[in-house]
file final_13.cif (mmCIF, C-alpha atoms)
data_structure
#
loop_
_atom_site.group_PDB
_atom_site.id
_atom_site.type_symbol
_atom_site.label_atom_id
_atom_site.label_comp_id
_atom_site.auth_asym_id
_atom_site.auth_seq_id
_atom_site.Cartn_x
_atom_site.Cartn_y
_atom_site.Cartn_z
ATOM 1 C CA MET A 18 64.906 78.877 72.707
ATOM 2 C CA LYS A 19 66.463 77.146 69.729
ATOM 3 C CA LYS A 20 66.435 77.804 66.038
ATOM 4 C CA ILE A 21 65.400 75.042 63.669
ATOM 5 C CA PRO A 22 65.526 74.874 59.895
ATOM 6 C CA TYR A 23 62.278 76.012 58.347
ATOM 7 C CA CYS A 24 61.018 74.497 55.134
ATOM 8 C CA ASP A 25 60.351 77.745 53.309
ATOM 9 C CA PHE A 26 63.983 78.792 53.645
ATOM 10 C CA GLY A 27 65.728 75.818 52.047
ATOM 11 C CA ASN A 28 66.364 77.187 48.600
ATOM 12 C CA LYS A 29 68.263 80.435 48.411
ATOM 13 C CA LYS A 30 68.753 80.294 44.625
ATOM 14 C CA LYS A 31 67.008 83.001 42.672
ATOM 15 C CA ARG A 32 64.600 81.325 40.307
ATOM 16 C CA LYS A 33 63.113 82.823 37.206
ATOM 17 C CA VAL A 34 59.783 84.464 37.928
ATOM 18 C CA ASN A 35 56.846 82.517 36.536
ATOM 19 C CA ASN A 36 54.157 85.025 35.762
ATOM 20 C CA LYS A 37 51.404 83.077 34.135
ATOM 21 C CA SER A 38 47.918 83.577 35.487
ATOM 22 C CA LYS A 39 46.679 80.436 37.164
ATOM 23 C CA PHE A 40 43.396 79.093 38.456
ATOM 24 C CA TYR A 41 43.595 76.767 41.477
ATOM 25 C CA LYS A 42 40.164 75.195 41.561
ATOM 26 C CA HIS A 43 38.858 74.117 44.950
ATOM 27 C CA LYS A 44 38.076 70.418 44.526
ATOM 28 C CA GLY A 45 36.104 70.321 47.758
ATOM 29 C CA ASN A 46 37.138 69.291 51.239
ATOM 30 C CA PHE A 47 39.862 71.973 51.383
ATOM 31 C CA THR A 48 41.964 70.586 48.558
ATOM 32 C CA TRP A 49 42.887 72.456 45.379
ATOM 33 C CA GLN A 50 43.800 71.318 41.873
ATOM 34 C CA GLY A 51 47.543 71.735 41.378
ATOM 35 C CA VAL A 52 48.310 72.277 45.078
ATOM 36 C CA LYS A 53 50.195 69.620 47.031
ATOM 37 C CA THR A 54 49.820 68.676 50.662
ATOM 38 C CA GLU A 55 53.119 69.226 52.497
ATOM 39 C CA ARG A 56 54.531 68.695 55.942
ATOM 40 C CA TYR A 57 54.047 71.701 58.208
ATOM 41 C CA LYS A 58 57.800 71.881 58.842
ATOM 42 C CA THR A 59 60.701 69.767 57.645
ATOM 43 C CA GLU A 60 61.787 68.888 61.176
ATOM 44 C CA ASP A 61 59.805 67.248 63.919
ATOM 45 C CA GLY A 62 59.448 68.795 67.330
ATOM 46 C CA ASN A 63 57.185 71.282 69.065
ATOM 47 C CA TRP A 64 54.296 70.739 66.686
ATOM 48 C CA ALA A 65 51.767 68.013 65.919
ATOM 49 C CA GLY A 66 48.966 67.203 63.505
ATOM 50 C CA ILE A 67 49.338 69.975 60.924
ATOM 51 C CA ILE A 68 49.600 70.009 57.169
ATOM 52 C CA ARG A 69 50.411 72.865 54.792
ATOM 53 C CA LYS A 70 49.201 73.635 51.279
ATOM 54 C CA VAL A 71 50.946 76.498 49.513
ATOM 55 C CA LEU A 72 48.386 78.174 47.263
ATOM 56 C CA ILE A 73 50.624 81.046 46.149
ATOM 57 C CA GLY A 74 54.399 80.865 46.553
ATOM 58 C CA ARG A 75 55.527 77.545 45.076
ATOM 59 C CA HIS A 76 55.405 78.609 41.423
ATOM 60 C CA ASN A 77 57.842 81.536 41.510
ATOM 61 C CA GLU A 78 55.101 84.111 41.415
ATOM 62 C CA SER A 79 56.285 87.732 41.590
ATOM 63 C CA THR A 80 54.031 88.653 44.524
ATOM 64 C CA LYS A 81 55.621 90.137 47.633
ATOM 65 C CA PHE A 82 53.529 87.679 49.649
ATOM 66 C CA HIS A 83 52.716 83.993 49.877
ATOM 67 C CA LEU A 84 49.330 82.468 50.611
ATOM 68 C CA ARG A 85 49.188 79.162 52.457
ATOM 69 C CA TYR A 86 46.429 76.959 53.843
ATOM 70 C CA PHE A 87 47.150 75.127 57.087
ATOM 71 C CA GLU A 88 44.997 72.477 58.669
ATOM 72 C CA ILE A 89 45.310 71.314 62.257
ATOM 73 C CA LEU A 90 43.747 68.044 63.335
ATOM 74 C CA PRO A 91 41.916 67.797 66.671
ATOM 75 C CA GLY A 92 44.619 67.868 69.351
ATOM 76 C CA GLY A 93 47.222 69.326 67.003
ATOM 77 C CA TYR A 94 49.213 72.552 67.357
ATOM 78 C CA SER A 95 51.790 74.675 65.549
ATOM 79 C CA SER A 96 55.167 75.629 67.005
ATOM 80 C CA LEU A 97 55.150 78.278 69.680
ATOM 81 C CA GLU A 98 57.381 80.784 67.920
ATOM 82 C CA LYS A 99 58.180 84.376 67.107
ATOM 83 C CA HIS A 100 59.796 86.156 64.177
ATOM 84 C CA LYS A 101 60.168 89.607 62.666
ATOM 85 C CA HIS A 102 57.601 88.990 59.948
ATOM 86 C CA GLU A 103 53.870 89.351 60.401
ATOM 87 C CA HIS A 104 51.148 86.746 59.989
ATOM 88 C CA VAL A 105 47.669 87.373 58.680
ATOM 89 C CA VAL A 106 45.406 84.461 59.525
ATOM 90 C CA VAL A 107 41.825 83.928 58.262
ATOM 91 C CA GLY A 108 39.747 81.028 59.600
ATOM 92 C CA ILE A 109 38.026 79.003 56.875
ATOM 93 C CA ARG A 110 37.373 75.535 58.333
ATOM 94 C CA GLY A 111 36.029 74.595 61.754
ATOM 95 C CA LYS A 112 37.441 76.565 64.647
ATOM 96 C CA GLY A 113 40.656 76.749 66.605
ATOM 97 C CA GLU A 114 42.666 78.742 69.072
ATOM 98 C CA VAL A 115 45.205 81.483 68.502
ATOM 99 C CA LEU A 116 47.655 82.243 71.276
ATOM 100 C CA CYS A 117 49.053 85.720 70.564
ATOM 101 C CA GLY A 118 51.338 87.220 73.188
ATOM 102 C CA GLU A 119 49.703 86.427 76.539
ATOM 103 C CA LYS A 120 46.145 86.036 75.256
ATOM 104 C CA SER A 121 44.163 83.246 73.616
ATOM 105 C CA TYR A 122 41.388 83.802 71.090
ATOM 106 C CA GLU A 123 38.924 81.433 69.450
ATOM 107 C CA LEU A 124 39.188 81.711 65.672
ATOM 108 C CA ASN A 125 36.030 80.927 63.708
ATOM 109 C CA PHE A 126 35.040 81.171 60.048
ATOM 110 C CA LEU A 127 36.397 84.389 58.477
ATOM 111 C CA ASP A 128 37.766 85.768 61.740
ATOM 112 C CA THR A 129 40.925 87.591 60.713
ATOM 113 C CA PHE A 130 43.997 87.940 62.903
ATOM 114 C CA TYR A 131 46.952 90.256 62.394
ATOM 115 C CA ILE A 132 49.876 88.890 64.397
ATOM 116 C CA ALA A 133 52.418 91.711 64.704
ATOM 117 C CA PRO A 134 56.213 91.210 64.394
ATOM 118 C CA ASP A 135 58.094 89.663 67.314
ATOM 119 C CA THR A 136 54.938 88.389 68.997
ATOM 120 C CA PRO A 137 55.067 84.849 70.406
ATOM 121 C CA HIS A 138 52.169 82.923 68.887
ATOM 122 C CA GLN A 139 50.788 79.438 68.442
ATOM 123 C CA LEU A 140 47.734 77.989 66.726
ATOM 124 C CA SER A 141 46.042 74.911 68.081
ATOM 125 C CA ASN A 142 42.940 72.788 67.746
ATOM 126 C CA PRO A 143 41.343 71.670 71.021
ATOM 127 C CA PHE A 144 38.077 70.937 69.190
ATOM 128 C CA ARG A 145 36.603 67.857 67.488
ATOM 129 C CA GLU A 146 36.725 68.885 63.830
ATOM 130 C CA PRO A 147 39.696 69.889 61.656
ATOM 131 C CA PHE A 148 40.711 73.547 61.974
ATOM 132 C CA GLY A 149 41.761 75.143 58.694
ATOM 133 C CA PHE A 150 42.995 78.660 58.045
ATOM 134 C CA LEU A 151 44.618 80.782 55.388
ATOM 135 C CA CYS A 152 47.911 82.378 56.414
ATOM 136 C CA ILE A 153 49.461 85.203 54.409
ATOM 137 C CA VAL A 154 53.097 86.182 54.918
ATOM 138 C CA ASN A 155 55.701 88.339 53.192
ATOM 139 C CA ALA A 156 57.561 86.360 50.505
ATOM 140 C CA LYS A 157 60.891 87.444 52.040
ATOM 141 C CA ARG A 158 60.856 86.690 55.718
ATOM 142 C CA ASP A 159 63.071 85.699 58.611
ATOM 143 C CA LYS A 160 63.272 82.265 60.179
ATOM 144 C CA PRO A 161 61.036 81.649 63.166
ATOM 145 C CA GLU A 162 62.614 81.378 66.584
ATOM 146 C CA ILE A 163 61.108 78.401 68.390
ATOM 147 C CA LEU A 164 60.088 79.160 71.957
ATOM 148 C CA ILE A 165 59.737 76.743 74.830
ATOM 149 C CA ARG A 166 56.586 77.236 76.869
ATOM 150 C CA GLY A 167 57.361 79.030 80.094
ATOM 151 C CA ASN A 168 60.285 81.039 78.655
ATOM 152 C CA MET B 26 42.338 103.646 27.686
ATOM 153 C CA LYS B 27 42.333 106.303 30.393
ATOM 154 C CA LYS B 28 43.852 106.479 33.821
ATOM 155 C CA ILE B 29 41.644 107.337 36.765
ATOM 156 C CA PRO B 30 42.555 108.102 40.367
ATOM 157 C CA TYR B 31 42.439 105.036 42.536
ATOM 158 C CA CYS B 32 41.425 105.226 46.177
ATOM 159 C CA ASP B 33 44.358 103.263 47.574
ATOM 160 C CA PHE B 34 46.835 105.757 46.151
ATOM 161 C CA GLY B 35 45.503 108.974 47.684
ATOM 162 C CA ASN B 36 47.914 109.375 50.551
ATOM 163 C CA LYS B 37 51.591 109.370 49.700
ATOM 164 C CA LYS B 38 52.696 110.484 53.194
ATOM 165 C CA LYS B 39 54.728 107.946 55.106
ATOM 166 C CA ARG B 40 52.838 107.112 58.244
ATOM 167 C CA LYS B 41 54.222 105.584 61.382
ATOM 168 C CA VAL B 42 53.885 101.830 61.284
ATOM 169 C CA ASN B 43 51.249 100.525 63.691
ATOM 170 C CA ASN B 44 52.353 97.081 64.728
ATOM 171 C CA LYS B 45 49.864 95.965 67.305
ATOM 172 C CA SER B 46 48.354 92.555 66.859
ATOM 173 C CA LYS B 47 44.676 92.833 66.087
ATOM 174 C CA PHE B 48 41.705 90.499 65.918
ATOM 175 C CA TYR B 49 39.018 91.362 63.363
ATOM 176 C CA LYS B 50 36.099 89.236 64.428
ATOM 177 C CA HIS B 51 33.692 88.148 61.710
ATOM 178 C CA LYS B 52 30.313 89.414 62.899
ATOM 179 C CA GLY B 53 28.473 87.267 60.368
ATOM 180 C CA ASN B 54 27.148 88.134 56.914
ATOM 181 C CA PHE B 55 30.634 89.062 55.658
ATOM 182 C CA THR B 56 31.146 91.986 58.001
ATOM 183 C CA TRP B 57 33.996 92.325 60.497
ATOM 184 C CA GLN B 58 34.374 94.210 63.758
ATOM 185 C CA GLY B 59 36.562 97.261 63.191
ATOM 186 C CA VAL B 60 36.398 97.080 59.385
ATOM 187 C CA LYS B 61 34.478 99.727 57.436
ATOM 188 C CA THR B 62 32.549 99.317 54.227
ATOM 189 C CA GLU B 63 34.033 101.565 51.532
ATOM 190 C CA ARG B 64 33.322 102.513 47.947
ATOM 191 C CA TYR B 65 35.054 100.232 45.464
ATOM 192 C CA LYS B 66 36.758 103.237 43.852
ATOM 193 C CA THR B 67 36.609 106.944 44.560
ATOM 194 C CA GLU B 68 35.425 107.776 41.046
ATOM 195 C CA ASP B 69 32.398 106.511 39.195
ATOM 196 C CA GLY B 70 32.637 104.895 35.807
ATOM 197 C CA ASN B 71 33.268 101.458 34.371
ATOM 198 C CA TRP B 72 32.121 99.632 37.481
ATOM 199 C CA ALA B 73 28.858 98.958 39.302
ATOM 200 C CA GLY B 74 27.510 97.358 42.438
ATOM 201 C CA ILE B 75 30.715 96.680 44.375
ATOM 202 C CA ILE B 76 31.856 97.461 47.876
ATOM 203 C CA ARG B 77 35.286 97.078 49.478
ATOM 204 C CA LYS B 78 36.314 96.203 53.032
ATOM 205 C CA VAL B 79 40.012 96.533 53.805
ATOM 206 C CA LEU B 80 40.870 93.852 56.373
ATOM 207 C CA ILE B 81 44.626 94.477 56.397
ATOM 208 C CA GLY B 82 46.083 97.718 55.027
ATOM 209 C CA ARG B 83 44.174 100.580 56.665
ATOM 210 C CA HIS B 84 45.982 100.511 60.011
ATOM 211 C CA ASN B 85 49.573 101.095 58.837
ATOM 212 C CA GLU B 86 50.528 97.487 59.242
ATOM 213 C CA SER B 87 54.093 96.647 58.213
ATOM 214 C CA THR B 88 53.075 93.806 55.869
ATOM 215 C CA LYS B 89 54.247 93.940 52.256
ATOM 216 C CA PHE B 90 50.668 93.090 51.289
ATOM 217 C CA HIS B 91 47.100 94.219 51.846
ATOM 218 C CA LEU B 92 44.070 91.987 52.265
ATOM 219 C CA ARG B 93 40.722 93.241 51.057
ATOM 220 C CA TYR B 94 37.206 91.787 50.804
ATOM 221 C CA PHE B 95 35.124 92.814 47.814
ATOM 222 C CA GLU B 96 31.480 92.068 47.287
ATOM 223 C CA ILE B 97 29.692 92.373 43.960
ATOM 224 C CA LEU B 98 25.906 92.518 43.857
ATOM 225 C CA PRO B 99 23.996 90.566 41.214
ATOM 226 C CA GLY B 100 24.569 92.410 37.927
ATOM 227 C CA GLY B 101 27.619 94.260 39.248
ATOM 228 C CA TYR B 102 31.163 94.284 37.900
ATOM 229 C CA SER B 103 34.618 95.682 38.614
ATOM 230 C CA SER B 104 36.591 97.859 36.189
ATOM 231 C CA LEU B 105 38.116 96.099 33.230
ATOM 232 C CA GLU B 106 41.729 97.017 33.936
ATOM 233 C CA LYS B 107 45.354 96.003 33.946
ATOM 234 C CA HIS B 108 48.386 96.952 36.024
ATOM 235 C CA LYS B 109 51.885 95.762 36.843
ATOM 236 C CA HIS B 110 50.923 94.293 40.193
ATOM 237 C CA GLU B 111 49.392 90.879 40.689
ATOM 238 C CA HIS B 112 46.059 89.934 42.197
ATOM 239 C CA VAL B 113 45.359 86.869 44.267
ATOM 240 C CA VAL B 114 41.621 86.265 44.516
ATOM 241 C CA VAL B 115 39.881 83.696 46.747
ATOM 242 C CA GLY B 116 36.119 83.174 46.471
ATOM 243 C CA ILE B 117 34.340 83.150 49.833
ATOM 244 C CA ARG B 118 30.694 84.094 49.140
ATOM 245 C CA GLY B 119 28.411 82.889 46.378
ATOM 246 C CA LYS B 120 29.964 82.677 42.952
ATOM 247 C CA GLY B 121 31.033 85.013 40.205
ATOM 248 C CA GLU B 122 33.010 85.341 37.025
ATOM 249 C CA VAL B 123 36.637 86.214 36.484
ATOM 250 C CA LEU B 124 37.666 87.484 33.067
ATOM 251 C CA CYS B 125 41.445 87.032 32.848
ATOM 252 C CA GLY B 126 43.064 87.805 29.504
ATOM 253 C CA GLU B 127 40.770 86.309 26.885
ATOM 254 C CA LYS B 128 39.150 83.679 29.101
ATOM 255 C CA SER B 129 36.303 83.636 31.610
ATOM 256 C CA TYR B 130 36.190 81.386 34.660
ATOM 257 C CA GLU B 131 33.486 80.745 37.241
ATOM 258 C CA LEU B 132 34.834 81.415 40.721
ATOM 259 C CA ASN B 133 33.258 79.410 43.540
ATOM 260 C CA PHE B 134 33.984 79.029 47.252
ATOM 261 C CA LEU B 135 37.752 78.807 47.885
ATOM 262 C CA ASP B 136 38.680 78.774 44.208
ATOM 263 C CA THR B 137 41.940 80.708 44.077
ATOM 264 C CA PHE B 138 43.064 82.798 41.121
ATOM 265 C CA TYR B 139 46.507 84.216 40.479
ATOM 266 C CA ILE B 140 46.148 87.093 38.008
ATOM 267 C CA ALA B 141 49.606 87.792 36.607
ATOM 268 C CA PRO B 142 50.995 91.309 35.968
ATOM 269 C CA ASP B 143 49.759 93.250 32.933
ATOM 270 C CA THR B 144 46.800 90.935 32.367
ATOM 271 C CA PRO B 145 43.477 92.610 31.550
ATOM 272 C CA HIS B 146 40.920 91.366 34.052
ATOM 273 C CA GLN B 147 37.443 92.010 35.380
ATOM 274 C CA LEU B 148 35.278 90.381 38.047
ATOM 275 C CA SER B 149 31.538 90.291 37.669
ATOM 276 C CA ASN B 150 28.407 88.778 39.140
ATOM 277 C CA PRO B 151 25.877 87.470 36.617
ATOM 278 C CA PHE B 152 24.249 85.342 39.340
ATOM 279 C CA ARG B 153 21.420 85.892 41.823
ATOM 280 C CA GLU B 154 23.307 86.033 45.113
ATOM 281 C CA PRO B 155 26.084 88.398 46.247
ATOM 282 C CA PHE B 156 29.568 87.381 45.109
ATOM 283 C CA GLY B 157 32.271 87.975 47.705
ATOM 284 C CA PHE B 158 35.992 87.355 47.458
ATOM 285 C CA LEU B 159 39.236 88.078 49.236
ATOM 286 C CA CYS B 160 41.813 89.926 47.141
ATOM 287 C CA ILE B 161 45.448 90.131 48.198
ATOM 288 C CA VAL B 162 47.818 92.653 46.604
ATOM 289 C CA ASN B 163 51.286 94.046 47.232
ATOM 290 C CA ALA B 164 51.159 97.033 49.598
ATOM 291 C CA LYS B 165 53.203 99.085 47.100
ATOM 292 C CA ARG B 166 51.565 98.872 43.714
ATOM 293 C CA ASP B 167 50.960 100.811 40.547
ATOM 294 C CA LYS B 168 47.712 102.468 39.521
ATOM 295 C CA PRO B 169 45.393 100.407 37.371
ATOM 296 C CA GLU B 170 44.972 101.380 33.748
ATOM 297 C CA ILE B 171 41.281 101.305 32.882
ATOM 298 C CA LEU B 172 40.488 99.516 29.635
ATOM 299 C CA ILE B 173 37.528 99.971 27.358
ATOM 300 C CA ARG B 174 35.970 96.735 26.204
ATOM 301 C CA GLY B 175 36.999 95.961 22.664
ATOM 302 C CA ASN B 176 40.451 97.580 22.973
#
call {"tool": "encode", "arguments": {"input": "final_13.cif", "output": "structure tokens"}}
result
Amino acid sequence: MKKIPYCDFGNKKKRKVNNKSKFYKHKGNFTWQGVKTERYKTEDGNWAGIIRKVLIGRHNESTKFHLRYFEILPGGYSSLEKHKHEHVVVGIRGKGEVLCGEKSYELNFLDTFYIAPDTPHQLSNPFREPFGFLCIVNAKRDKPEILIRGN
Amino acid sequence: MKKIPYCDFGNKKKRKVNNKSKFYKHKGNFTWQGVKTERYKTEDGNWAGIIRKVLIGRHNESTKFHLRYFEILPGGYSSLEKHKHEHVVVGIRGKGEVLCGEKSYELNFLDTFYIAPDTPHQLSNPFREPFGFLCIVNAKRDKPEILIRGN
């Protein structure tokens, strides 16, 4: 197991809260007006074929949570990792697989997964179409611990 | 303006956190295995034709947020209200209207709205099909203040 830097943890400065209401229009094809496409993580390794779009959490909103959209290309996968914070995952595009603890589940449209703290987990796309899901997390959260398969 | 009891605030007892991972399978037609359909609010008045399904928040999860699905029938509407907590709304079924401050917006599939604190708001369905949306809120939040139109 090794710890890697995680892109959401780079800036420890307290920024001024930006509390204007905002409408992020879905432009189609799982893109939103005013929302950038980002790398899944800042460092390579243990993941492939994922992008991240932060819907809520990049504009200094006062919410205690962030809302992100992730998309995994066919053959792609997220890091196998664990952390103290929870994940809530909601499938919205195609289908994919969720490894949670020892078990794997197929995640389809609107299937909702609560991944409890300290549970090793990984999302992957063994299918032919892109797999997209919303992922909600606490705004303040610990860094993931990257796990090596078989540990 | 009058304050009414709000169903999420009924139980002030601290319950033991239940941190098992859980999979809420979408059974189709915007219903989920293990998720009940509830009244929108415990008291009548100032709303019509809405139901609530709490996806995350009824099982003593440790998240700092709750995830709910609301569905408004044609002609229905939520309370016109404001509160200190934020709403994040994501359209997932049909389309509807969001009144936020002085402006109205049409909310379609995956359109995402950040409703800032203390902003009067109301969701409604002037269309012919059911309007369903995810709504994410902080787990700890203040009671809404119900507003009378024209105030």
call {"tool": "closest_atom_pairs", "arguments": {"input": "final_13.cif", "of": "chain B", "to": "chain A", "cutoff": "6 Å", "atoms": "only C-alpha atoms", "output": "tab-separated table"}}
result
residue	atom	partner	partner_atom	distance
B:Asn44	CA	A:Ala133	CA	5.4
B:Lys45	CA	A:Ala133	CA	5.6
B:Ser46	CA	A:Ile132	CA	4.7
B:Lys47	CA	A:Tyr131	CA	5.0
B:Phe48	CA	A:Phe130	CA	4.6
B:Tyr49	CA	A:Thr129	CA	5.0
B:Lys50	CA	A:Asp128	CA	4.7
B:His51	CA	A:Asp128	CA	4.7
B:Lys89	CA	A:Asn155	CA	5.9
B:Leu135	CA	A:His43	CA	5.6
B:Asp136	CA	A:Lys42	CA	4.7
B:Thr137	CA	A:Tyr41	CA	5.0
B:Phe138	CA	A:Phe40	CA	4.6
B:Tyr139	CA	A:Lys39	CA	5.0
B:Ile140	CA	A:Ser38	CA	4.7
B:Ala141	CA	A:Ser38	CA	4.7
B:Asn163	CA	A:Lys81	CA	5.9
call {"tool": "calpha_fit_and_write", "arguments": {"input": "final_13.cif", "fixed": "chain A", "moving": "chain B", "output": "CSV table (one decimal) with C-alpha atoms, in the coordinates of the input"}}
result
chain,number,residue,atom,x,y,z
B,26,MET,CA,64.9,78.9,72.7
B,27,LYS,CA,66.5,77.2,69.7
B,28,LYS,CA,66.4,77.8,66.0
B,29,ILE,CA,65.4,75.1,63.7
B,30,PRO,CA,65.5,74.9,59.9
B,31,TYR,CA,62.3,76.0,58.3
B,32,CYS,CA,61.0,74.5,55.1
B,33,ASP,CA,60.3,77.8,53.3
B,34,PHE,CA,63.9,78.8,53.6
B,35,GLY,CA,65.7,75.8,52.0
B,36,ASN,CA,66.3,77.2,48.6
B,37,LYS,CA,68.2,80.5,48.4
B,38,LYS,CA,68.8,80.3,44.6
B,39,LYS,CA,67.0,83.1,42.7
B,40,ARG,CA,64.6,81.4,40.3
B,41,LYS,CA,63.1,82.8,37.2
B,42,VAL,CA,59.8,84.5,37.9
B,43,ASN,CA,56.9,82.5,36.5
B,44,ASN,CA,54.2,85.0,35.8
B,45,LYS,CA,51.4,83.1,34.2
B,46,SER,CA,47.9,83.6,35.5
B,47,LYS,CA,46.7,80.4,37.2
B,48,PHE,CA,43.4,79.1,38.5
B,49,TYR,CA,43.6,76.8,41.5
B,50,LYS,CA,40.2,75.2,41.6
B,51,HIS,CA,38.9,74.1,45.0
B,52,LYS,CA,38.1,70.4,44.5
B,53,GLY,CA,36.1,70.3,47.7
B,54,ASN,CA,37.1,69.3,51.3
B,55,PHE,CA,39.8,72.0,51.4
B,56,THR,CA,41.9,70.6,48.6
B,57,TRP,CA,42.9,72.4,45.4
B,58,GLN,CA,43.8,71.3,41.9
B,59,GLY,CA,47.5,71.7,41.4
B,60,VAL,CA,48.3,72.3,45.1
B,61,LYS,CA,50.2,69.6,47.0
B,62,THR,CA,49.8,68.7,50.7
B,63,GLU,CA,53.1,69.2,52.5
B,64,ARG,CA,54.5,68.7,56.0
B,65,TYR,CA,54.0,71.7,58.2
B,66,LYS,CA,57.8,71.9,58.8
B,67,THR,CA,60.7,69.8,57.6
B,68,GLU,CA,61.8,68.9,61.2
B,69,ASP,CA,59.8,67.2,63.9
B,70,GLY,CA,59.5,68.8,67.3
B,71,ASN,CA,57.2,71.3,69.1
B,72,TRP,CA,54.3,70.7,66.7
B,73,ALA,CA,51.8,68.0,65.9
B,74,GLY,CA,49.0,67.2,63.5
B,75,ILE,CA,49.3,70.0,60.9
B,76,ILE,CA,49.6,70.0,57.2
B,77,ARG,CA,50.4,72.9,54.8
B,78,LYS,CA,49.2,73.6,51.3
B,79,VAL,CA,51.0,76.5,49.5
B,80,LEU,CA,48.4,78.2,47.3
B,81,ILE,CA,50.6,81.0,46.2
B,82,GLY,CA,54.4,80.9,46.6
B,83,ARG,CA,55.5,77.5,45.1
B,84,HIS,CA,55.4,78.6,41.4
B,85,ASN,CA,57.9,81.5,41.5
B,86,GLU,CA,55.1,84.1,41.4
B,87,SER,CA,56.3,87.7,41.6
B,88,THR,CA,54.0,88.6,44.5
B,89,LYS,CA,55.6,90.1,47.6
B,90,PHE,CA,53.5,87.7,49.6
B,91,HIS,CA,52.7,84.0,49.9
B,92,LEU,CA,49.3,82.5,50.6
B,93,ARG,CA,49.2,79.2,52.5
B,94,TYR,CA,46.4,76.9,53.9
B,95,PHE,CA,47.1,75.1,57.1
B,96,GLU,CA,45.0,72.5,58.7
B,97,ILE,CA,45.3,71.3,62.3
B,98,LEU,CA,43.7,68.0,63.3
B,99,PRO,CA,41.9,67.8,66.7
B,100,GLY,CA,44.6,67.9,69.4
B,101,GLY,CA,47.2,69.3,67.0
B,102,TYR,CA,49.2,72.5,67.4
B,103,SER,CA,51.8,74.7,65.5
B,104,SER,CA,55.2,75.6,67.0
B,105,LEU,CA,55.1,78.3,69.7
B,106,GLU,CA,57.4,80.8,67.9
B,107,LYS,CA,58.2,84.4,67.1
B,108,HIS,CA,59.8,86.1,64.2
B,109,LYS,CA,60.2,89.6,62.7
B,110,HIS,CA,57.6,89.0,60.0
B,111,GLU,CA,53.9,89.3,60.4
B,112,HIS,CA,51.2,86.7,60.0
B,113,VAL,CA,47.7,87.4,58.7
B,114,VAL,CA,45.4,84.5,59.5
B,115,VAL,CA,41.8,83.9,58.3
B,116,GLY,CA,39.8,81.0,59.6
B,117,ILE,CA,38.0,79.0,56.9
B,118,ARG,CA,37.4,75.5,58.3
B,119,GLY,CA,36.0,74.6,61.8
B,120,LYS,CA,37.5,76.6,64.6
B,121,GLY,CA,40.7,76.7,66.6
B,122,GLU,CA,42.7,78.8,69.1
B,123,VAL,CA,45.2,81.5,68.5
B,124,LEU,CA,47.7,82.2,71.3
B,125,CYS,CA,49.1,85.7,70.6
B,126,GLY,CA,51.3,87.2,73.2
B,127,GLU,CA,49.7,86.4,76.5
B,128,LYS,CA,46.1,86.0,75.3
B,129,SER,CA,44.1,83.2,73.6
B,130,TYR,CA,41.4,83.8,71.1
B,131,GLU,CA,38.9,81.4,69.4
B,132,LEU,CA,39.2,81.7,65.7
B,133,ASN,CA,36.0,80.9,63.7
B,134,PHE,CA,35.1,81.2,60.0
B,135,LEU,CA,36.4,84.4,58.5
B,136,ASP,CA,37.8,85.8,61.7
B,137,THR,CA,40.9,87.6,60.7
B,138,PHE,CA,44.0,87.9,62.9
B,139,TYR,CA,47.0,90.3,62.4
B,140,ILE,CA,49.9,88.9,64.4
B,141,ALA,CA,52.4,91.7,64.7
B,142,PRO,CA,56.2,91.2,64.4
B,143,ASP,CA,58.1,89.6,67.3
B,144,THR,CA,54.9,88.4,69.0
B,145,PRO,CA,55.1,84.8,70.4
B,146,HIS,CA,52.2,82.9,68.9
B,147,GLN,CA,50.8,79.4,68.4
B,148,LEU,CA,47.7,78.0,66.7
B,149,SER,CA,46.0,74.9,68.1
B,150,ASN,CA,42.9,72.8,67.7
B,151,PRO,CA,41.3,71.7,71.0
B,152,PHE,CA,38.1,70.9,69.2
B,153,ARG,CA,36.6,67.9,67.5
B,154,GLU,CA,36.7,68.9,63.8
B,155,PRO,CA,39.7,69.9,61.7
B,156,PHE,CA,40.7,73.5,62.0
B,157,GLY,CA,41.8,75.1,58.7
B,158,PHE,CA,43.0,78.7,58.0
B,159,LEU,CA,44.6,80.8,55.4
B,160,CYS,CA,47.9,82.4,56.4
B,161,ILE,CA,49.5,85.2,54.4
B,162,VAL,CA,53.1,86.2,54.9
B,163,ASN,CA,55.7,88.3,53.2
B,164,ALA,CA,57.6,86.4,50.5
B,165,LYS,CA,60.9,87.5,52.0
B,166,ARG,CA,60.9,86.7,55.7
B,167,ASP,CA,63.1,85.7,58.6
B,168,LYS,CA,63.3,82.3,60.2
B,169,PRO,CA,61.0,81.6,63.2
B,170,GLU,CA,62.6,81.4,66.6
B,171,ILE,CA,61.1,78.4,68.4
B,172,LEU,CA,60.1,79.1,72.0
B,173,ILE,CA,59.7,76.7,74.8
B,174,ARG,CA,56.6,77.2,76.8
B,175,GLY,CA,57.3,79.0,80.1
B,176,ASN,CA,60.2,81.1,78.6
call {"tool": "residues_around", "arguments": {"input": "final_13.cif", "residues": "A:Arg85", "least_positions_apart": "2", "cutoff": "6 Å", "atoms": "only C-alpha atoms", "output": "PyMOL selection string"}}
result
chain A and resi 70-72+151-152
call {"tool": "resolve_selection", "arguments": {"input": "final_13.cif", "expression": "the PyMOL selection byres ((chain B and resi 167) around 9)", "output": "VMD selection string"}}
result
chain B and resid 34 108 to 110 165 to 166 168 to 169
call {"tool": "atom_distance", "arguments": {"input": "final_13.cif", "atom1": "atom CA of B:Pro145", "atom2": "atom CA of B:Leu105"}}
result
6.6 Å
call {"tool": "residues_around", "arguments": {"input": "final_13.cif", "residues": "A:Arg56", "least_positions_apart": "2", "cutoff": "8 Å", "atoms": "all atoms listed in the file", "output": "list in words"}}
result
Thr54, Lys58, Thr59, Ile67, Ile68 and Arg69 of chain A
